[in-house]
$ cat protein13.cif   # mmCIF, C-alpha atoms
data_structure
#
loop_
_atom_site.label_atom_id
_atom_site.label_comp_id
_atom_site.auth_asym_id
_atom_site.auth_seq_id
_atom_site.Cartn_x
_atom_site.Cartn_y
_atom_site.Cartn_z
CA MET A 13 -18.76 14.59 -2.70
CA ALA A 14 -16.10 17.31 -2.67
CA SER A 15 -16.38 20.13 -5.16
CA TYR A 16 -14.51 19.81 -8.43
CA THR A 17 -13.03 23.26 -8.08
CA LYS A 18 -11.80 22.79 -4.55
CA ALA A 19 -10.19 19.35 -4.86
CA ALA A 20 -6.50 19.58 -5.74
CA GLN A 21 -6.01 18.12 -9.21
CA GLN A 22 -3.71 15.12 -9.05
CA TRP A 23 -2.24 14.78 -12.52
CA ALA A 24 -0.38 11.59 -11.65
CA THR A 25 -3.68 9.80 -10.96
CA PHE A 26 -4.19 9.16 -14.67
CA ALA A 27 -0.60 8.24 -15.47
CA ARG A 28 0.14 4.79 -16.85
CA ALA A 29 2.50 2.89 -14.53
CA TRP A 30 4.89 0.02 -15.30
CA TYR A 31 4.89 -2.98 -12.95
CA LEU A 32 7.37 -5.85 -12.70
CA LEU A 33 6.43 -9.43 -11.81
CA ASP A 34 8.90 -12.28 -11.29
CA ALA A 35 7.36 -15.56 -12.44
CA LYS A 36 10.12 -17.82 -11.10
CA MET A 37 8.61 -20.99 -9.53
CA GLN A 38 5.11 -19.46 -9.70
CA PRO A 39 1.93 -21.09 -11.09
CA PRO A 40 1.02 -19.34 -14.36
CA GLY A 41 -2.66 -19.09 -13.39
CA LYS A 42 -1.93 -17.01 -10.30
CA ILE A 43 0.58 -14.92 -12.25
CA ALA A 44 -2.08 -14.22 -14.85
CA ALA A 45 -4.70 -13.36 -12.21
CA ALA A 46 -2.38 -10.75 -10.68
CA THR A 47 -1.46 -9.25 -14.06
CA VAL A 48 -5.02 -9.12 -15.39
CA ILE A 49 -6.08 -6.93 -12.46
CA ARG A 50 -3.29 -4.46 -13.27
CA LEU A 51 -3.84 -4.56 -17.05
CA GLU A 52 -7.54 -3.76 -16.67
CA GLY A 53 -6.94 -1.02 -14.12
CA ARG A 54 -9.07 -2.66 -11.42
CA HIS A 55 -6.42 -1.82 -8.81
CA LYS A 56 -7.31 1.86 -9.11
CA PRO A 57 -10.28 3.53 -7.37
CA ILE A 58 -10.87 5.54 -10.58
CA TYR A 59 -11.50 2.36 -12.59
CA HIS A 60 -14.00 2.39 -15.45
CA ALA A 61 -14.17 -0.12 -18.29
CA LEU A 62 -14.22 2.62 -20.93
CA SER A 63 -11.63 4.96 -19.48
CA ASP A 64 -8.53 2.98 -20.60
CA CYS A 65 -6.89 3.13 -17.18
CA GLY A 66 -4.82 -0.04 -17.45
CA ASP A 67 -1.11 -0.19 -16.69
CA HIS A 68 1.88 -1.97 -18.24
CA VAL A 69 3.06 -5.26 -16.71
CA VAL A 70 6.50 -6.78 -17.38
CA ILE A 71 6.78 -10.49 -16.50
CA ILE A 72 10.28 -11.95 -16.26
CA ASN A 73 11.52 -15.56 -15.87
CA THR A 74 8.54 -17.03 -17.73
CA ARG A 75 10.76 -19.97 -18.63
CA HIS A 76 10.81 -20.93 -14.93
CA ILE A 77 7.08 -21.08 -14.22
CA ALA A 78 5.88 -24.07 -12.21
CA PHE A 79 2.66 -25.92 -12.90
CA SER A 80 1.29 -27.86 -9.92
CA GLY A 81 0.34 -31.53 -10.23
CA ASN A 82 0.93 -33.37 -13.49
CA LYS A 83 -0.09 -30.47 -15.70
CA TRP A 84 3.20 -30.41 -17.60
CA GLU A 85 2.24 -33.78 -19.09
CA GLN A 86 -1.55 -33.61 -18.91
CA LYS A 87 -2.48 -30.05 -19.89
CA VAL A 88 -3.22 -29.82 -23.59
CA TYR A 89 -3.19 -26.65 -25.69
CA SER A 90 -5.33 -27.07 -28.81
CA SER A 91 -5.49 -25.02 -31.98
CA HIS A 92 -6.68 -25.41 -35.56
CA THR A 93 -4.87 -24.07 -38.60
CA GLY A 94 -8.12 -23.69 -40.57
CA TYR A 95 -7.15 -26.32 -43.12
CA PRO A 96 -8.70 -29.83 -43.06
CA GLY A 97 -6.79 -32.15 -40.81
CA GLY A 98 -5.14 -29.16 -39.15
CA PHE A 99 -6.25 -29.81 -35.57
CA LYS A 100 -3.09 -29.52 -33.45
CA GLN A 101 -2.86 -30.64 -29.85
CA VAL A 102 0.29 -29.92 -27.90
CA THR A 103 1.12 -30.73 -24.29
CA ALA A 104 2.25 -27.92 -21.99
CA THR A 105 5.83 -29.24 -22.02
CA GLN A 106 6.07 -29.22 -25.82
CA LEU A 107 4.58 -25.75 -26.06
CA HIS A 108 6.92 -24.44 -23.35
CA LEU A 109 9.96 -25.87 -25.16
CA LYS A 110 8.86 -24.34 -28.46
CA ASP A 111 8.12 -20.90 -26.96
CA PRO A 112 8.83 -20.18 -23.27
CA THR A 113 6.47 -17.17 -23.11
CA ALA A 114 3.49 -18.83 -24.82
CA ILE A 115 1.91 -20.42 -21.73
CA VAL A 116 1.79 -17.19 -19.72
CA LYS A 117 0.64 -15.24 -22.78
CA LEU A 118 -2.24 -17.64 -23.48
CA THR A 119 -3.24 -17.75 -19.82
CA VAL A 120 -3.39 -13.94 -19.57
CA TYR A 121 -5.20 -13.63 -22.93
CA ARG A 122 -7.89 -16.08 -21.82
CA MET A 123 -8.33 -14.41 -18.41
CA LEU A 124 -8.84 -10.91 -19.82
CA PRO A 125 -12.46 -9.79 -20.49
CA LYS A 126 -13.54 -10.86 -23.95
CA ASN A 127 -14.04 -7.42 -25.47
CA LEU A 128 -12.33 -5.15 -27.96
CA GLN A 129 -9.96 -3.79 -25.33
CA ARG A 130 -8.39 -7.20 -24.80
CA ARG A 131 -5.91 -6.71 -27.68
CA THR A 132 -4.90 -3.28 -26.37
CA MET A 133 -4.30 -4.75 -22.92
CA MET A 134 -2.23 -7.57 -24.44
CA GLN A 135 -0.04 -4.97 -26.13
CA ARG A 136 0.68 -3.54 -22.68
CA LEU A 137 1.87 -6.94 -21.43
CA HIS A 138 5.61 -7.59 -21.84
CA LEU A 139 6.94 -11.13 -21.40
CA PHE A 140 10.58 -12.16 -21.09
CA PRO A 141 11.77 -15.77 -20.71
CA GLU A 142 14.79 -14.85 -18.51
CA ASP A 143 15.44 -11.84 -16.33
CA VAL A 144 17.16 -9.94 -19.15
CA ILE A 145 15.08 -6.83 -19.85
CA PRO A 146 15.80 -4.21 -22.53
CA GLU A 147 17.15 -0.88 -21.26
CA ASP A 148 14.21 1.26 -22.24
CA ILE A 149 11.69 -0.98 -20.46
CA GLN A 150 13.91 -1.25 -17.40
CA LYS A 151 13.98 2.55 -17.11
CA ASN A 152 10.17 2.70 -17.01
CA LEU A 153 9.62 0.20 -14.20
CA LEU A 154 7.94 1.65 -11.14
CA GLN A 155 7.01 -1.06 -8.68
CA GLU A 156 7.25 -4.80 -8.24
CA ILE A 157 4.09 -6.85 -7.73
CA PRO A 158 4.55 -9.35 -4.85
CA GLN A 159 4.77 -12.98 -5.94
CA PRO A 160 1.47 -14.86 -5.49
CA ARG A 161 3.09 -18.10 -4.24
CA ALA A 162 5.61 -18.31 -1.39
CA VAL A 163 8.46 -20.37 -2.88
CA PRO A 164 9.50 -23.16 -0.46
CA LYS A 165 13.21 -23.81 0.08
CA ARG A 166 14.72 -27.06 -1.10
CA LEU A 167 16.48 -29.28 1.43
CA ASP A 168 19.90 -28.47 -0.03
CA GLU A 169 19.19 -24.72 0.30
CA TYR A 170 19.01 -24.97 4.11
CA THR A 171 22.25 -24.42 6.00
CA PRO A 172 23.45 -27.32 8.24
CA GLU A 173 22.91 -25.13 11.31
CA GLU A 174 19.23 -24.58 10.39
CA ILE A 175 18.77 -28.33 9.82
CA ALA A 176 20.35 -29.10 13.19
CA ALA A 177 18.25 -26.45 14.93
CA PHE A 178 14.97 -27.77 13.44
CA PRO A 179 12.87 -29.53 16.15
CA LYS A 180 12.82 -33.30 15.71
CA VAL A 181 9.80 -35.48 16.55
CA TRP A 182 12.05 -38.41 17.52
CA THR A 183 15.76 -39.24 17.16
CA PRO A 184 16.50 -42.68 15.71
CA PRO A 185 18.85 -44.94 17.77
CA LYS A 186 22.38 -45.44 16.46
CA ASP A 187 21.73 -48.92 15.03
CA PHE A 188 18.53 -47.91 13.26
CA ARG A 189 18.34 -49.14 9.69
CA ARG A 190 15.76 -47.84 7.18
CA LYS A 191 14.11 -50.61 5.20
CA MET B 18 -73.47 13.94 -56.76
CA VAL B 19 -75.25 14.64 -53.55
CA VAL B 20 -73.77 17.66 -51.73
CA LEU B 21 -76.36 18.83 -49.27
CA SER B 22 -74.21 21.32 -47.29
CA ALA B 23 -70.94 23.20 -47.51
CA SER B 24 -69.26 21.15 -44.74
CA LEU B 25 -69.58 17.98 -46.86
CA TRP B 26 -67.94 19.74 -49.88
CA LEU B 27 -64.87 20.79 -47.89
CA ARG B 28 -62.79 17.64 -47.23
CA SER B 29 -60.44 17.77 -44.23
CA ARG B 30 -56.91 16.92 -45.26
CA LEU B 31 -53.81 16.43 -43.14
CA THR B 32 -51.79 19.66 -43.19
CA ASP B 33 -49.17 19.09 -40.51
CA ARG B 34 -47.79 15.75 -41.77
CA PHE B 35 -44.29 17.32 -41.94
CA TRP B 36 -44.22 18.14 -38.25
CA ARG B 37 -45.62 14.76 -37.22
CA VAL B 38 -42.83 13.07 -39.17
CA GLN B 39 -40.19 15.42 -37.74
CA GLU B 40 -41.33 14.57 -34.19
CA VAL B 41 -40.20 11.01 -34.79
CA LEU B 42 -37.14 11.75 -36.94
CA LYS B 43 -35.67 14.20 -34.40
CA HIS B 44 -35.13 11.26 -32.04
CA ALA B 45 -33.38 9.26 -34.77
CA ARG B 46 -30.92 11.81 -36.13
CA HIS B 47 -27.91 10.24 -34.38
CA PHE B 48 -28.65 6.72 -35.69
CA ARG B 49 -26.62 4.86 -38.27
CA GLY B 50 -27.80 4.13 -41.79
CA ARG B 51 -31.09 4.90 -43.48
CA LYS B 52 -33.02 4.77 -40.24
CA ASN B 53 -31.87 8.33 -39.44
CA ARG B 54 -33.59 9.67 -42.58
CA CYS B 55 -36.44 7.42 -43.71
CA TYR B 56 -39.62 7.61 -41.65
CA LYS B 57 -40.76 4.00 -42.04
CA LEU B 58 -37.43 2.63 -40.83
CA ALA B 59 -37.02 5.34 -38.20
CA VAL B 60 -40.36 4.67 -36.55
CA ARG B 61 -39.33 1.10 -35.72
CA SER B 62 -35.86 2.09 -34.51
CA VAL B 63 -37.14 4.94 -32.38
CA GLN B 64 -39.74 2.70 -30.74
CA ARG B 65 -37.05 0.12 -29.87
CA ALA B 66 -34.73 2.86 -28.62
CA PHE B 67 -37.39 4.16 -26.24
CA VAL B 68 -38.10 0.66 -24.94
CA LYS B 69 -34.41 0.11 -24.33
CA THR B 70 -34.14 3.46 -22.50
CA THR B 71 -37.01 2.48 -20.21
CA LYS B 72 -35.52 -0.90 -19.36
CA ALA B 73 -32.03 0.58 -18.95
CA ARG B 74 -33.19 2.83 -16.11
CA ARG B 75 -33.38 -0.27 -13.90
CA GLN B 76 -30.15 -1.76 -15.24
CA LYS B 77 -28.27 1.49 -14.65
CA LYS B 78 -28.78 1.09 -10.90
CA ARG B 79 -27.28 -2.42 -11.03
CA PHE B 80 -24.37 -1.34 -13.22
CA LEU B 81 -23.47 1.65 -11.06
CA ARG B 82 -23.58 -0.42 -7.87
CA ALA B 83 -21.21 -2.99 -9.41
CA LEU B 84 -18.89 -0.15 -10.47
CA TRP B 85 -18.87 1.32 -6.95
CA ILE B 86 -18.11 -2.11 -5.49
CA THR B 87 -15.19 -2.57 -7.92
CA ARG B 88 -13.79 0.83 -6.97
CA ILE B 89 -14.18 0.23 -3.23
CA GLU B 90 -12.48 -3.15 -3.62
CA ALA B 91 -9.53 -1.52 -5.42
CA ALA B 92 -9.19 1.19 -2.78
CA SER B 93 -9.50 -1.15 0.21
CA LEU B 94 -6.92 -3.56 -1.28
CA GLU B 95 -4.53 -0.62 -1.37
CA HIS B 96 -4.96 -0.52 2.41
CA GLY B 97 -4.63 -4.27 2.84
CA LEU B 98 -8.29 -5.19 3.33
CA LYS B 99 -10.57 -7.20 1.09
CA TYR B 100 -13.97 -5.83 0.14
CA PRO B 101 -16.20 -8.25 2.18
CA ALA B 102 -14.10 -7.69 5.32
CA PHE B 103 -14.19 -3.92 4.80
CA ILE B 104 -17.95 -3.63 4.26
CA SER B 105 -19.01 -6.08 6.96
CA ASN B 106 -16.77 -4.51 9.58
CA LEU B 107 -17.94 -1.01 8.68
CA LEU B 108 -21.54 -2.14 9.18
CA LYS B 109 -20.69 -3.75 12.47
CA SER B 110 -19.18 -0.43 13.58
CA GLN B 111 -22.49 1.18 12.63
CA VAL B 112 -20.97 3.28 9.83
CA GLU B 113 -23.90 3.16 7.43
CA LEU B 114 -22.40 4.81 4.38
CA ASN B 115 -23.72 3.49 1.09
CA ARG B 116 -21.40 2.25 -1.62
CA LYS B 117 -21.78 5.39 -3.70
CA MET B 118 -20.47 7.62 -0.91
CA ILE B 119 -17.63 5.25 0.01
CA ALA B 120 -16.54 5.09 -3.66
CA ASP B 121 -16.59 8.88 -3.93
CA LEU B 122 -14.64 9.19 -0.69
CA ALA B 123 -12.08 6.72 -2.00
CA ILE B 124 -11.50 8.89 -5.06
CA TYR B 125 -11.74 12.41 -3.66
CA GLU B 126 -10.97 12.01 0.08
CA PRO B 127 -8.18 9.43 0.31
CA LYS B 128 -7.27 10.22 3.91
CA THR B 129 -10.87 9.78 5.06
CA PHE B 130 -10.98 6.45 3.26
CA LYS B 131 -7.75 5.43 4.96
CA SER B 132 -9.25 6.11 8.37
CA LEU B 133 -12.37 4.13 7.41
CA ALA B 134 -10.14 1.22 6.41
CA ALA B 135 -8.27 1.48 9.71
CA LEU B 136 -11.58 1.46 11.58
CA ALA B 137 -12.74 -1.64 9.72
CA GLN B 138 -9.41 -3.36 10.35
CA ARG B 139 -9.56 -2.58 14.08
CA ARG B 140 -13.15 -3.85 14.35
CA ARG B 141 -12.08 -6.99 12.50
CA GLN B 142 -9.26 -7.67 14.95
CA GLU B 143 -11.64 -7.12 17.86
CA GLY B 144 -14.03 -9.62 16.31
CA PHE B 145 -11.25 -12.20 16.09
CA LEU B 146 -10.23 -11.58 19.69
CA ALA B 147 -13.81 -11.94 20.86
CA ALA B 148 -14.19 -15.22 18.99
CA LEU B 149 -10.80 -16.79 19.66
CA GLY B 150 -9.62 -14.84 22.69
CA ASP B 151 -9.26 -16.06 26.22
CA GLY B 152 -12.57 -14.82 27.55
CA LYS B 153 -10.93 -12.02 29.50
CA GLU B 154 -12.40 -8.52 29.67
CA PRO B 155 -12.62 -7.58 25.99
CA GLU B 156 -10.50 -4.52 25.19
CA GLY B 157 -12.66 -3.77 22.21
CA ILE B 158 -13.97 -0.25 21.94
CA PHE B 159 -15.61 -0.43 18.52
CA SER B 160 -17.23 -3.79 19.18
CA ARG B 161 -19.16 -2.39 22.13
CA ILE B 162 -21.50 -0.41 19.88
CA VAL B 163 -25.12 -1.27 20.61
CA HIS B 164 -27.17 -1.34 17.45
CA HIS B 165 -30.52 0.43 17.79
CA TYR B 166 -32.92 -0.48 15.01
#
$ encode --input "protein13.cif" --output "C-alpha cells"
Amino acid sequence: MASYTKAAQQWATFARAWYLLDAKMQPPGKIAAATVIRLEGRHKPIYHALSDCGDHVVIINTRHIAFSGNKWEQKVYSSHTGYPGGFKQVTATQLHLKDPTAIVKLTVYRMLPKNLQRRTMMQRLHLFPEDVIPEDIQKNLLQEIPQPRAVPKRLDEYTPEEIAAFPKVWTPPKDFRRK
Amino acid sequence: MVVLSASLWLRSRLTDRFWRVQEVLKHARHFRGRKNRCYKLAVRSVQRAFVKTTKARRQKKRFLRALWITRIEAASLEHGLKYPAFISNLLKSQVELNRKMIADLAIYEPKTFKSLAALAQRRRQEGFLAALGDGKEPEGIFSRIVHHY
C-alpha cells in the first residue's frame, strides 16, 4: 500500500455527487436496483457501511414507469392503519393514480438495507413524477445514470423508409387475404 | 480455646481485594449502565465481552474479505468489468494478487488498477476467441501463459 504522506490527497473523493435517472418506460425494480447502489455508495472503491459515502439520486418521469406482465392489475400493496378493520390492500394501478411517486419510493425503501441508515438514504432520494425539476436541484446534477432497460420503438415511431428497408421473410402475393 | 501456636492465632485475610476488583472493572469502564461500576454485574459483562472478542477474531477475516470484494466490484464496474470476470481472468493471467492488495490498489493506485482491468478484459476476449473462434492460430498473448504449480 502506498504511504499516506506520499499519496496526493484527493479532496473530491469524499464529495457527495448528484445523479439523474430517467424512469420513462423502465421497470421500477431495475430503477430501484440502480439507485440503491448509488444511495449506499457501493459504486465507490472507498465504500464502507459506516462512512456515510452515499450520493443523491434524482429520479424523473416516475409517472411513466412500466411494469412488465400483468403487474398493474395483479400487484398488491398492503398496509394497516393500526386500527381494527384497517387492513388496506391497493392494486398498483390505484396506488399509482393516487400518488405517482409512491411505487418507486416503496420499491427503493424495501431494497435498501434494513438498518438505521435507510432513512438517511431515503432523504437523499428525490422523486419527480414528470421531468420538471426545481432549479436548485437541477444546478446540483452531475451525471446521468444509464437506463437499465433499452426502450423498444413502437411501430408508428419507425419511419416508412426504415420499414421498407427491413428484411422480409416472405412477401405476400397481391390477392392475399388475412383471415 | 485451643491455640497451640502463633500461626494459628494470626488469620490470613484478603488485603488486595481492591486491586482484584479493579482488574475486572478496568475492562468495563466504557460500558453502559450499572455494569461499568458494580462488580457483580461487571464480571458477567466482561466475561461475555471477552468471549465475543475471541469469536470476532474469526468473523473479522470474513467481514474484511467481503468488504474488499465490494470495493473491487465497485472499482471494476467503473472500468466496465464485473467482479467474477475480473477475478477469474486475473487468475488465468497468473496475476495472483489477493483481494486485500487489489482493493488497496483500487483506492490508492487507480492507474495500476486500470491496467489490471485492461489485462483482465484482454484475457477475457482471448478466452472468447479461443472458445468461439475459427480454430486459426490464436493471437492470444496472455492466454499462452503456462501455469506451473
$ interface_residues --input "protein13.cif" --of "chain A" --to "chain B" --cutoff "6 Å" --atoms "all atoms listed in the file" --output "PyMOL selection string"
chain A and resi 55-57
$ residues_around --input "protein13.cif" --residues "Ile145 of chain A" --least-positions-apart "5" --cutoff "10 Å" --atoms "all atoms listed in the file" --output "PyMOL selection string"
chain A and resi 70-72+138-140+150-151
$ closest_residue --input "protein13.cif" --among "B:Ala45, B:Thr129, B:Ala83, B:Val112" --to "Ser62 of chain B" --atoms "all atoms listed in the file"
B:Ala45
$ resolve_selection --input "protein13.cif" --expression "the PyMOL selection byres ((chain A and resi 48) around 10)" --output "VMD selection string"
chain A and resid 42 to 47 49 to 55 66 to 67 69 119 to 125 133 to 134 137
$ resolve_selection --input "protein13.cif" --expression "the PyMOL selection byres ((chain A and resi 152) around 12)" --output "list in words"
Arg28, Ala29, Trp30, Tyr31, Leu32, Asp67, His68, Val69, Val70, Ile145, Pro146, Glu147, Asp148, Ile149, Gln150, Lys151, Leu153, Leu154, Gln155 and Glu156 of chain A
$ closest_residue --input "protein13.cif" --among "A:Asn82, A:Gln22, A:Ser63, A:Thr74" --to "Asp111 of chain A" --atoms "only C-alpha atoms"
A:Thr74
$ atom_distance --input "protein13.cif" --atom1 "atom CA of Thr103 of chain A" --atom2 "atom CA of Glu142 of chain A"
21.7 Å
$ atom_distance --input "protein13.cif" --atom1 "atom CA of His92 of chain A" --atom2 "atom CA of Arg131 of chain A"
20.3 Å
$ residues_around --input "protein13.cif" --residues "segment 27-41 of chain B" --least-positions-apart "2" --cutoff "12 Å" --atoms "only C-alpha atoms" --output "list in words"
Val20, Leu21, Ser22, Ala23, Ser24, Leu25, Lys43, His44, Ala45, Arg46, Lys52, Asn53, Arg54, Cys55, Tyr56, Lys57, Leu58, Ala59, Val60, Arg61, Ser62, Val63, Gln64, Ala66 and Phe67 of chain B
$ closest_residue --input "protein13.cif" --among "B:His164, B:His47, B:Arg74, B:Arg140" --to "Glu113 of chain B" --atoms "only C-alpha atoms"
B:His164
$ atom_distance --input "protein13.cif" --atom1 "atom CA of Met37 of chain A" --atom2 "atom CA of Glu85 of chain A"
17.2 Å
$ residues_around --input "protein13.cif" --residues "segment 104-109 of chain B" --least-positions-apart "6" --cutoff "12 Å" --atoms "all atoms listed in the file" --output "JSON, numbers by chain"
{"B": [86, 89, 90, 93, 98, 115, 116, 119, 120, 130, 132, 133, 134, 135, 136, 137, 138, 139, 140, 141, 142, 143, 144, 145, 159, 160, 161, 162, 163, 164, 165]}
$ write_last_selection --input "protein13.cif" --atoms "C-alpha atoms" --output "short mmCIF file (atom, residue, chain, number, x, y, z; two decimals), keeping the file's coordinate frame"
data_model
loop_
_atom_site.label_atom_id
_atom_site.label_comp_id
_atom_site.auth_asym_id
_atom_site.auth_seq_id
_atom_site.Cartn_x
_atom_site.Cartn_y
_atom_site.Cartn_z
CA ILE B 86 -18.11 -2.11 -5.49
CA ILE B 89 -14.18 0.23 -3.23
CA GLU B 90 -12.48 -3.15 -3.62
CA SER B 93 -9.50 -1.15 0.21
CA LEU B 98 -8.29 -5.19 3.33
CA ASN B 115 -23.72 3.49 1.09
CA ARG B 116 -21.40 2.25 -1.62
CA ILE B 119 -17.63 5.25 0.01
CA ALA B 120 -16.54 5.09 -3.66
CA PHE B 130 -10.98 6.45 3.26
CA SER B 132 -9.25 6.11 8.37
CA LEU B 133 -12.37 4.13 7.41
CA ALA B 134 -10.14 1.22 6.41
CA ALA B 135 -8.27 1.48 9.71
CA LEU B 136 -11.58 1.46 11.58
CA ALA B 137 -12.74 -1.64 9.72
CA GLN B 138 -9.41 -3.36 10.35
CA ARG B 139 -9.56 -2.58 14.08
CA ARG B 140 -13.15 -3.85 14.35
CA ARG B 141 -12.08 -6.99 12.50
CA GLN B 142 -9.26 -7.67 14.95
CA GLU B 143 -11.64 -7.12 17.86
CA GLY B 144 -14.03 -9.62 16.31
CA PHE B 145 -11.25 -12.20 16.09
CA PHE B 159 -15.61 -0.43 18.52
CA SER B 160 -17.23 -3.79 19.18
CA ARG B 161 -19.16 -2.39 22.13
CA ILE B 162 -21.50 -0.41 19.88
CA VAL B 163 -25.12 -1.27 20.61
CA HIS B 164 -27.17 -1.34 17.45
CA HIS B 165 -30.52 0.43 17.79
#
$ resolve_selection --input "protein13.cif" --expression "the PyMOL selection byres ((chain A and resi 86) around 10)" --output "PDB file with C-alpha atoms, in the frame of the given file"
ATOM      1  CA  GLY A  81       0.340 -31.530 -10.230  1.00  0.00           C
ATOM      2  CA  ASN A  82       0.930 -33.370 -13.490  1.00  0.00           C
ATOM      3  CA  LYS A  83      -0.090 -30.470 -15.700  1.00  0.00           C
ATOM      4  CA  TRP A  84       3.200 -30.410 -17.600  1.00  0.00           C
ATOM      5  CA  GLU A  85       2.240 -33.780 -19.090  1.00  0.00           C
ATOM      6  CA  LYS A  87      -2.480 -30.050 -19.890  1.00  0.00           C
ATOM      7  CA  VAL A  88      -3.220 -29.820 -23.590  1.00  0.00           C
ATOM      8  CA  TYR A  89      -3.190 -26.650 -25.690  1.00  0.00           C
ATOM      9  CA  VAL A 102       0.290 -29.920 -27.900  1.00  0.00           C
ATOM     10  CA  THR A 103       1.120 -30.730 -24.290  1.00  0.00           C
ATOM     11  CA  ALA A 104       2.250 -27.920 -21.990  1.00  0.00           C
ATOM     12  CA  THR A 105       5.830 -29.240 -22.020  1.00  0.00           C
TER      13      THR A 105
END
$ closest_residue --input "protein13.cif" --among "B:Tyr166, B:Ala147, B:Lys128, B:Phe48" --to "His96 of chain B" --atoms "only C-alpha atoms"
B:Lys128
$ decode --input "protein13.cif" --residues "segment 32-38 of chain B" --atoms "all heavy atoms" --output "short mmCIF file (atom, residue, chain, number, x, y, z; two decimals), in the first residue's frame"
data_model
loop_
_atom_site.label_atom_id
_atom_site.label_comp_id
_atom_site.auth_asym_id
_atom_site.auth_seq_id
_atom_site.Cartn_x
_atom_site.Cartn_y
_atom_site.Cartn_z
N THR B 32 -6.13 -8.87 51.53
CA THR B 32 -5.77 -7.47 51.64
C THR B 32 -5.84 -6.74 50.31
O THR B 32 -5.97 -5.52 50.27
CB THR B 32 -4.32 -7.34 52.15
OG1 THR B 32 -3.50 -8.23 51.39
CG2 THR B 32 -4.24 -7.69 53.62
N ASP B 33 -5.74 -7.49 49.20
CA ASP B 33 -5.72 -6.78 47.91
C ASP B 33 -7.02 -6.97 47.16
O ASP B 33 -7.04 -7.08 45.93
CB ASP B 33 -4.53 -7.23 47.07
CG ASP B 33 -4.54 -8.72 46.85
OD1 ASP B 33 -5.34 -9.42 47.52
OD2 ASP B 33 -3.77 -9.18 45.99
N ARG B 34 -8.16 -7.00 47.89
CA ARG B 34 -9.46 -7.15 47.22
C ARG B 34 -9.70 -6.00 46.23
O ARG B 34 -10.23 -6.16 45.15
CB ARG B 34 -10.58 -7.20 48.25
CG ARG B 34 -11.94 -7.50 47.62
CD ARG B 34 -13.02 -7.75 48.64
NE ARG B 34 -12.91 -9.05 49.24
CZ ARG B 34 -12.69 -9.25 50.53
NH1 ARG B 34 -12.54 -8.23 51.37
NH2 ARG B 34 -12.62 -10.48 51.01
N PHE B 35 -9.30 -4.78 46.63
CA PHE B 35 -9.50 -3.59 45.78
C PHE B 35 -8.90 -3.80 44.39
O PHE B 35 -9.53 -3.54 43.37
CB PHE B 35 -8.88 -2.37 46.45
CG PHE B 35 -8.87 -1.15 45.58
CD1 PHE B 35 -10.02 -0.41 45.39
CD2 PHE B 35 -7.71 -0.74 44.92
CE1 PHE B 35 -10.03 0.70 44.57
CE2 PHE B 35 -7.71 0.37 44.11
CZ PHE B 35 -8.86 1.10 43.93
N TRP B 36 -7.63 -4.28 44.38
CA TRP B 36 -6.97 -4.40 43.09
C TRP B 36 -7.55 -5.54 42.26
O TRP B 36 -7.60 -5.46 41.03
CB TRP B 36 -5.45 -4.58 43.29
CG TRP B 36 -4.86 -3.32 43.84
CD1 TRP B 36 -4.52 -2.22 43.15
CD2 TRP B 36 -4.59 -3.04 45.22
NE1 TRP B 36 -4.05 -1.25 43.99
CE2 TRP B 36 -4.08 -1.73 45.28
CE3 TRP B 36 -4.73 -3.77 46.42
CZ2 TRP B 36 -3.70 -1.14 46.47
CZ3 TRP B 36 -4.36 -3.16 47.59
CH2 TRP B 36 -3.84 -1.86 47.63
N ARG B 37 -8.02 -6.60 42.94
CA ARG B 37 -8.62 -7.70 42.18
C ARG B 37 -9.90 -7.23 41.52
O ARG B 37 -10.21 -7.60 40.38
CB ARG B 37 -8.96 -8.87 43.11
CG ARG B 37 -7.74 -9.56 43.61
CD ARG B 37 -8.11 -10.83 44.29
NE ARG B 37 -6.96 -11.34 45.03
CZ ARG B 37 -6.92 -12.53 45.61
NH1 ARG B 37 -7.97 -13.31 45.57
NH2 ARG B 37 -5.84 -12.92 46.25
N VAL B 38 -10.66 -6.38 42.23
CA VAL B 38 -11.91 -5.85 41.66
C VAL B 38 -11.59 -4.88 40.52
O VAL B 38 -12.25 -4.88 39.47
CB VAL B 38 -12.72 -5.17 42.78
CG1 VAL B 38 -13.73 -4.21 42.20
CG2 VAL B 38 -13.42 -6.22 43.62
#
